[in-house]
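Undergrad: Dropping a structure here in structure tokens format, bear with me for questions.
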Amino acid sequence: MALYVHKYGGTSVGSVERIEHVADKVKSARDAGDDIVVVVSAMSGETNRLVDLAKGITDQPNPREMDVLLSTGEQVTIALLTMALQKRGCAARSYTGDQVRILTDSAHTKARIRHIDVDAMRNDLKAGRVLVVAGFQGVDELGNTTTLGRGGSDTTAVALAAALKADECRIYTDVDGVYTTDPRVVDRARRLDRITFEEMLEMASLGSKVLQIRSVEFAGKYNVPLRVLSSFEDGPGTLISLEEETKMEQPVISGIAFNRDEAKLTVLGVPDIPGVASRILGPVSAANIEVDMIVQNVAADNTTDFTFTVHRNDFDRVKQILTEVANDLGAREVRGDSAIGKVSIVGVGMRSHAGVASKMFDTLAAENINIQMISTSEIKVSVVIAEKYLELAVRALHSAFELDEPAESR
Ligand code: ADP
Ligand code: ASP
Ligand code: MG
């Protein structure tokens with residue numbers, strides 16, 4: 001007898017009919033003789049609706065109260081799914097994050113899981129019950145409700161699978177696996193049979209929202225077998241694993257990620273003296289704002305242009321901070337651009353191949369797309385370009401790196 005954790009995302013539980021369908025799937029998995037723990041998200045659109053309700057009251061809702069609000073979405077789904085299972089004669093019980101004791105730190109709206117009590121869950125499983133657990137939520141040591149950041153139900157599922165030493169964590173969603181790029185943007189994207197944790201982590205960090213970043217981190221750290229598959233049709237999905245594929249012709253690039261969540265800021269004409277980077281970025285990090293890409297360039301007149309990117313939500317605040325810093329430093333000007341996009345090519349095959357970055361730049365040049373910033377690591381190359389060219393760039397790179405699904409198999 002095996003133990004599986006299933007996770008069903010928002011679209012998969014988006015209506016009563018879909019919840020009934022999930023109940024059928026869970027019941028047949030249970031009838032096959034395996035122990036099943038199910039993690040569910042809020043019904044699709046619900047978390048956004050709750051965020052909007054809060055925005056209707058204040059621009060800066062108190063984070064503790066935000067968590068009390070946001071956690072209600074998942075509570076609805078666990079109750080409905082459990083009822084649907086019971087209706088089918090399948091013994092089941094629902095649990096909130098607090099009840100199952102998913103203990104987190106107190107960083108409201110982006111809490112991290114510290115510990116999960118598995119004893120009570122094991123008793124339920126022994127008694128033959130399916131456990132239906134609310135994703136995305138936990139409780140801190142003082143008993144406050146916390147949430148794990150958007151998309152956090154993935155992390156709940158992987159954390160439960162790690163704590164229970166499950167045989168596999170299955171993320172059921174509205175696509176039938178992890179693709180070479182978002183299949184909603186490139187219709188010739190291909191489903192991958194497997195991808196390594198390392199590559200999946202890069203893809204998720206660089207904008208592929210199919211899995212929350214932390215869930216991949218967690219799965220890699222605790223070596224949880226993780227699979228992404230469709231809630232609506234049967235199929236093998238994509239296995240996220242430690243080993244690289246052993247095929248002879250390992251592709252150089254496994255996937256292309258992109259995001260529109262960033263904004264770019266530049267301080268122009270900064271005196272080129274030691275300590276400038278720290279004086280510019282110090283106040284930004286003191287405001288708890290994460291910086292992503294950074295480029296600094298010395299001009300002929302011995303001044304520096306200092307450019308970096310932040311999340312778009314932080315753009316206005318950073319611009320304000322920089323205006324003050326620029327004054328203190330005697331810099332010429334602060335410029336900002338939030339209409340940018342970041343495209344990244346990802347693949348462990350890059351380690352053993354030269355010329356990958358230049359092929360990327362050639363491809364973008366052929367489309368007349370100007371590159372504004374570049375950053376690289378061992379297994380990825382990212383560029384910042386104008387947002388309006390983002391989809392064109394992704395499609396062109398997808399073809400250039402031979403990731404397109406052959407026409408005959410579509
Ligand atoms: P859920 O509600 O089930 O958690 P999400 O919307 O969070 O689902 O994630 C699934 C979506 O991720 C897909 O509908 C797809 O548009 C998007 N996506 C982005 N990049 C990829 C990728 N490389 N492979 C598959 N899906 C991707
Ligand atoms: N409901 C939460 C969200 O929309 C968590 C999740 O779906 O994973 O972000
Ligand atoms: Mg998701």
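Convention: chains lettered A, B, ... in structure tokens order; per-chain residue numbering from 1; ligands numbered from 1 as shown.
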Please, which residues have at least one atom within 8 Å of an atom of ligand 3, using only C-alpha atoms and all ligand atoms, listed as a list of chain:residue names?
TA: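 Checking only C-alpha atoms and all ligand atoms against ligand 3 at 8 Å gives A:Gly9, A:Gly10, A:Arg150, A:Gly151, A:Gly152, A:Ser153, A:Asp154, A:Thr173, A:Lys209, A:Val210, A:Leu211, A:Gln212.
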Undergrad: Find the residues near ligand 1. Use a cut-off of 7 Å, count only C-alpha atoms and all ligand atoms, and write them as a short mmCIF file (atom, residue, chain, number, x, y, z; two decimals) with N, CA, C and O atoms, in the first residue's frame.
TA:
```cif
data_model
loop_
_atom_site.label_atom_id
_atom_site.label_comp_id
_atom_site.auth_asym_id
_atom_site.auth_seq_id
_atom_site.Cartn_x
_atom_site.Cartn_y
_atom_site.Cartn_z
N TYR A 8 -4.99 19.64 -5.68
CA TYR A 8 -5.84 20.14 -6.76
C TYR A 8 -5.89 21.66 -6.68
O TYR A 8 -6.27 22.23 -5.65
N GLY A 9 -5.53 22.32 -7.78
CA GLY A 9 -5.47 23.78 -7.83
C GLY A 9 -6.84 24.40 -8.07
O GLY A 9 -7.85 23.71 -8.23
N GLY A 10 -6.84 25.73 -8.12
CA GLY A 10 -8.08 26.51 -8.19
C GLY A 10 -9.03 26.13 -9.32
O GLY A 10 -10.23 25.96 -9.10
N THR A 11 -8.49 25.98 -10.53
CA THR A 11 -9.36 25.65 -11.67
C THR A 11 -9.96 24.26 -11.48
O THR A 11 -11.12 24.01 -11.83
N SER A 12 -9.17 23.35 -10.91
CA SER A 12 -9.62 21.97 -10.74
C SER A 12 -10.75 21.84 -9.72
O SER A 12 -11.46 20.84 -9.71
N SER A 44 -11.28 28.72 -8.13
CA SER A 44 -10.54 29.70 -8.95
C SER A 44 -11.17 31.08 -8.86
O SER A 44 -12.39 31.24 -8.87
N GLY A 151 -0.01 30.97 -4.61
CA GLY A 151 0.39 29.67 -5.16
C GLY A 151 0.87 28.70 -4.09
O GLY A 151 1.39 27.62 -4.39
N TYR A 172 -2.10 18.07 -9.30
CA TYR A 172 -3.08 18.04 -10.39
C TYR A 172 -3.49 19.47 -10.72
O TYR A 172 -3.88 20.23 -9.84
N THR A 173 -3.40 19.81 -12.02
CA THR A 173 -3.69 21.19 -12.39
C THR A 173 -4.42 21.25 -13.74
O THR A 173 -4.96 20.24 -14.19
N ASP A 174 -4.45 22.45 -14.36
CA ASP A 174 -5.21 22.60 -15.60
C ASP A 174 -4.37 22.40 -16.86
O ASP A 174 -4.82 22.67 -17.96
N VAL A 175 -3.12 21.98 -16.70
CA VAL A 175 -2.30 21.56 -17.85
C VAL A 175 -1.79 20.16 -17.53
O VAL A 175 -1.71 19.79 -16.36
N GLY A 177 1.09 18.79 -17.50
CA GLY A 177 2.49 18.62 -17.11
C GLY A 177 3.23 19.93 -17.21
O GLY A 177 2.63 20.98 -17.48
N VAL A 178 4.54 19.84 -17.03
CA VAL A 178 5.40 21.02 -17.20
C VAL A 178 5.81 21.04 -18.66
O VAL A 178 6.24 20.03 -19.21
N TYR A 179 5.66 22.19 -19.29
CA TYR A 179 5.96 22.35 -20.71
C TYR A 179 7.26 23.11 -20.90
O TYR A 179 7.75 23.77 -19.97
N THR A 180 7.76 23.07 -22.13
CA THR A 180 8.99 23.80 -22.46
C THR A 180 8.82 25.30 -22.23
O THR A 180 9.78 26.01 -21.97
N THR A 181 7.59 25.79 -22.35
CA THR A 181 7.26 27.16 -21.92
C THR A 181 5.75 27.18 -21.69
O THR A 181 5.08 26.16 -21.91
N ASP A 182 5.21 28.30 -21.23
CA ASP A 182 3.78 28.34 -20.93
C ASP A 182 2.95 27.98 -22.18
O ASP A 182 2.97 28.71 -23.17
N PRO A 183 2.23 26.86 -22.13
CA PRO A 183 1.48 26.43 -23.33
C PRO A 183 0.35 27.40 -23.69
O PRO A 183 -0.17 27.33 -24.80
N ARG A 184 0.02 28.30 -22.79
CA ARG A 184 -1.02 29.29 -23.13
C ARG A 184 -0.46 30.41 -23.99
O ARG A 184 -1.22 31.20 -24.56
N SER A 208 7.81 30.88 -14.34
CA SER A 208 6.84 29.84 -14.71
C SER A 208 6.01 29.48 -13.49
O SER A 208 6.49 28.80 -12.59
N LYS A 209 4.76 29.93 -13.49
CA LYS A 209 3.99 29.82 -12.25
C LYS A 209 3.30 28.48 -12.08
O LYS A 209 2.40 28.35 -11.25
N VAL A 210 3.72 27.49 -12.85
CA VAL A 210 3.06 26.18 -12.74
C VAL A 210 3.30 25.56 -11.36
O VAL A 210 2.43 24.86 -10.84
N LEU A 211 4.44 25.85 -10.74
CA LEU A 211 4.69 25.40 -9.35
C LEU A 211 5.22 26.58 -8.55
O LEU A 211 6.05 27.34 -9.06
N GLY A 255 13.85 24.64 -21.17
CA GLY A 255 12.64 25.44 -21.16
C GLY A 255 12.93 26.93 -21.21
O GLY A 255 14.07 27.38 -21.08
N ALA A 257 11.41 30.55 -19.63
CA ALA A 257 10.52 31.18 -18.64
C ALA A 257 10.45 32.67 -18.93
O ALA A 257 11.36 33.23 -19.56
#
```
Undergrad: If you count only C-alpha atoms and all ligand atoms, which residues end up within 10 Å of ligand 2, as a count of residues only?
TA: 40
Undergrad: Tell me, in Å to one decimal, how far CA of Ala393 (chain A) is from CA of Arg260 (chain A).
TA: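 That distance, rounded to one decimal, is 13.0 Å.
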Undergrad: Considering only C-alpha atoms, can you say which of A:Lys27, A:Asp67, A:Leu103, A:Leu206 comes closest to Lys87 (chain A)?
TA: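 Result for the nearest residue to Lys87 (chain A): A:Lys27.
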Undergrad: List the spatial neighbours of Asp35 (chain A) as a VMD selection string - criterion: any atom at most 9 Å away, only C-alpha atoms, same-chain residues fewer than 5 positions off excluded.
TA: chain A and resid 1 to 5 29 to 30 125 to 126 128 to 130
Undergrad: For the selection you just gave me, I'd like the residues written to a file as a PDB file, in the first residue's frame, keeping N, CA and C atoms.
TA:
```
ATOM      1  N   MET A   1       0.840  -1.199   0.000  1.00  0.00           N
ATOM      2  CA  MET A   1       0.000   0.000   0.000  1.00  0.00           C
ATOM      3  C   MET A   1       0.883   1.260   0.000  1.00  0.00           C
ATOM      4  N   ALA A   2       0.579   2.163  -0.902  1.00  0.00           N
ATOM      5  CA  ALA A   2       1.399   3.375  -1.005  1.00  0.00           C
ATOM      6  C   ALA A   2       0.646   4.570  -0.415  1.00  0.00           C
ATOM      7  N   LEU A   3       1.391   5.619  -0.131  1.00  0.00           N
ATOM      8  CA  LEU A   3       0.764   6.856   0.343  1.00  0.00           C
ATOM      9  C   LEU A   3       1.033   7.964  -0.678  1.00  0.00           C
ATOM     10  N   TYR A   4      -0.054   8.560  -1.151  1.00  0.00           N
ATOM     11  CA  TYR A   4       0.067   9.650  -2.117  1.00  0.00           C
ATOM     12  C   TYR A   4      -0.515  10.930  -1.551  1.00  0.00           C
ATOM     13  N   VAL A   5       0.154  12.040  -1.829  1.00  0.00           N
ATOM     14  CA  VAL A   5      -0.460  13.343  -1.574  1.00  0.00           C
ATOM     15  C   VAL A   5      -0.914  13.863  -2.933  1.00  0.00           C
ATOM     16  N   ALA A  29      -8.668   6.436  -6.492  1.00  0.00           N
ATOM     17  CA  ALA A  29      -7.299   6.204  -5.989  1.00  0.00           C
ATOM     18  C   ALA A  29      -7.354   5.454  -4.655  1.00  0.00           C
ATOM     19  N   ARG A  30      -8.302   5.827  -3.828  1.00  0.00           N
ATOM     20  CA  ARG A  30      -8.460   5.185  -2.513  1.00  0.00           C
ATOM     21  C   ARG A  30      -8.916   3.726  -2.690  1.00  0.00           C
ATOM     22  N   LEU A 125      -5.284   8.161   8.877  1.00  0.00           N
ATOM     23  CA  LEU A 125      -4.994   7.261   7.755  1.00  0.00           C
ATOM     24  C   LEU A 125      -5.170   5.806   8.190  1.00  0.00           C
ATOM     25  N   LYS A 126      -4.717   5.520   9.417  1.00  0.00           N
ATOM     26  CA  LYS A 126      -4.874   4.150   9.935  1.00  0.00           C
ATOM     27  C   LYS A 126      -6.332   3.765  10.024  1.00  0.00           C
ATOM     28  N   GLY A 128      -8.466   4.524   8.056  1.00  0.00           N
ATOM     29  CA  GLY A 128      -8.998   4.343   6.707  1.00  0.00           C
ATOM     30  C   GLY A 128      -9.606   5.597   6.099  1.00  0.00           C
ATOM     31  N   ARG A 129      -9.301   6.745   6.705  1.00  0.00           N
ATOM     32  CA  ARG A 129      -9.906   7.969   6.164  1.00  0.00           C
ATOM     33  C   ARG A 129      -8.983   8.697   5.181  1.00  0.00           C
ATOM     34  N   VAL A 130      -9.613   9.347   4.215  1.00  0.00           N
ATOM     35  CA  VAL A 130      -8.881  10.286   3.361  1.00  0.00           C
ATOM     36  C   VAL A 130      -8.808  11.603   4.122  1.00  0.00           C
TER      37      VAL A 130
END
```
Undergrad: Name all residues at most 9 Å from Val346 (chain A) (count only C-alpha atoms; drop same-chain ones fewer than 6 positions away) and give them as a JSON list (two decimals) with N, CA and C atoms, in the first residue's frame.
TA:
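What ended up in selection.json:
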```
[["chain", "number", "residue", "atom", "x", "y", "z"],
["A", 199, "GLU", "N", 16.48, 22.56, -12.64],
["A", 199, "GLU", "CA", 15.90, 23.31, -13.76],
["A", 199, "GLU", "C", 14.51, 23.84, -13.39],
["A", 200, "MET", "N", 13.74, 23.02, -12.70],
["A", 200, "MET", "CA", 12.39, 23.44, -12.32],
["A", 200, "MET", "C", 12.45, 24.64, -11.38],
["A", 202, "GLU", "N", 14.80, 26.93, -11.34],
["A", 202, "GLU", "CA", 15.09, 28.11, -12.15],
["A", 202, "GLU", "C", 13.84, 28.56, -12.90],
["A", 203, "MET", "N", 13.14, 27.61, -13.52],
["A", 203, "MET", "CA", 11.94, 27.96, -14.29],
["A", 203, "MET", "C", 10.94, 28.68, -13.38],
["A", 252, "VAL", "N", 20.02, 21.16, -25.13],
["A", 252, "VAL", "CA", 20.83, 22.14, -24.40],
["A", 252, "VAL", "C", 19.93, 22.98, -23.51],
["A", 253, "ILE", "N", 18.78, 23.35, -24.06],
["A", 253, "ILE", "CA", 17.82, 24.17, -23.33],
["A", 253, "ILE", "C", 16.59, 23.31, -23.02],
["A", 254, "SER", "N", 16.17, 23.30, -21.76],
["A", 254, "SER", "CA", 14.98, 22.51, -21.41],
["A", 254, "SER", "C", 13.72, 23.35, -21.47],
["A", 255, "GLY", "N", 13.85, 24.64, -21.17],
["A", 255, "GLY", "CA", 12.64, 25.44, -21.16],
["A", 255, "GLY", "C", 12.93, 26.93, -21.21],
["A", 256, "ILE", "N", 11.85, 27.67, -21.44],
["A", 256, "ILE", "CA", 11.93, 29.14, -21.50],
["A", 256, "ILE", "C", 10.92, 29.71, -20.52],
["A", 257, "ALA", "N", 11.41, 30.55, -19.63],
["A", 257, "ALA", "CA", 10.52, 31.18, -18.64],
["A", 257, "ALA", "C", 10.45, 32.67, -18.93],
["A", 379, "ILE", "N", 23.18, 27.64, -15.41],
["A", 379, "ILE", "CA", 22.16, 26.93, -16.19],
["A", 379, "ILE", "C", 21.06, 27.85, -16.72],
["A", 380, "LYS", "N", 21.30, 29.16, -16.75],
["A", 380, "LYS", "CA", 20.31, 30.05, -17.36],
["A", 380, "LYS", "C", 20.93, 31.33, -17.91],
["A", 381, "VAL", "N", 20.23, 31.91, -18.90],
["A", 381, "VAL", "CA", 20.57, 33.26, -19.35],
["A", 381, "VAL", "C", 19.26, 34.04, -19.36],
["A", 382, "SER", "N", 19.25, 35.20, -18.71],
["A", 382, "SER", "CA", 18.05, 36.04, -18.69],
["A", 382, "SER", "C", 18.34, 37.38, -19.36]]
```
Undergrad: Select from region 130-231 of chain A everything DSSP, run on the backbone, classes as strand (DSSP E or B), then give the selection as a PyMOL selection string.
TA: chain A and resi 130-134+137-139+145-147+168-173+179+191+194-196+226-230
Undergrad: Could you please determine the separation between CA of Gln320 (chain A) and CA of Ser205 (chain A) in Å, to one decimal place?
TA: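 Result for CA of Gln320 (chain A) versus CA of Ser205 (chain A): 26.8 Å, one decimal.
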Undergrad: Please identify which residues in region 127-371 of chain A DSSP calls helix (DSSP H, G or I) from the backbone, and express them as a count of residues only.
TA: 75
Undergrad: A:Leu226, A:Val325, A:Lys342, A:Val38: which is nearest Cys169 (chain A), counting only C-alpha atoms?
TA: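 For Cys169 (chain A), the nearest of the given residues is A:Leu226.
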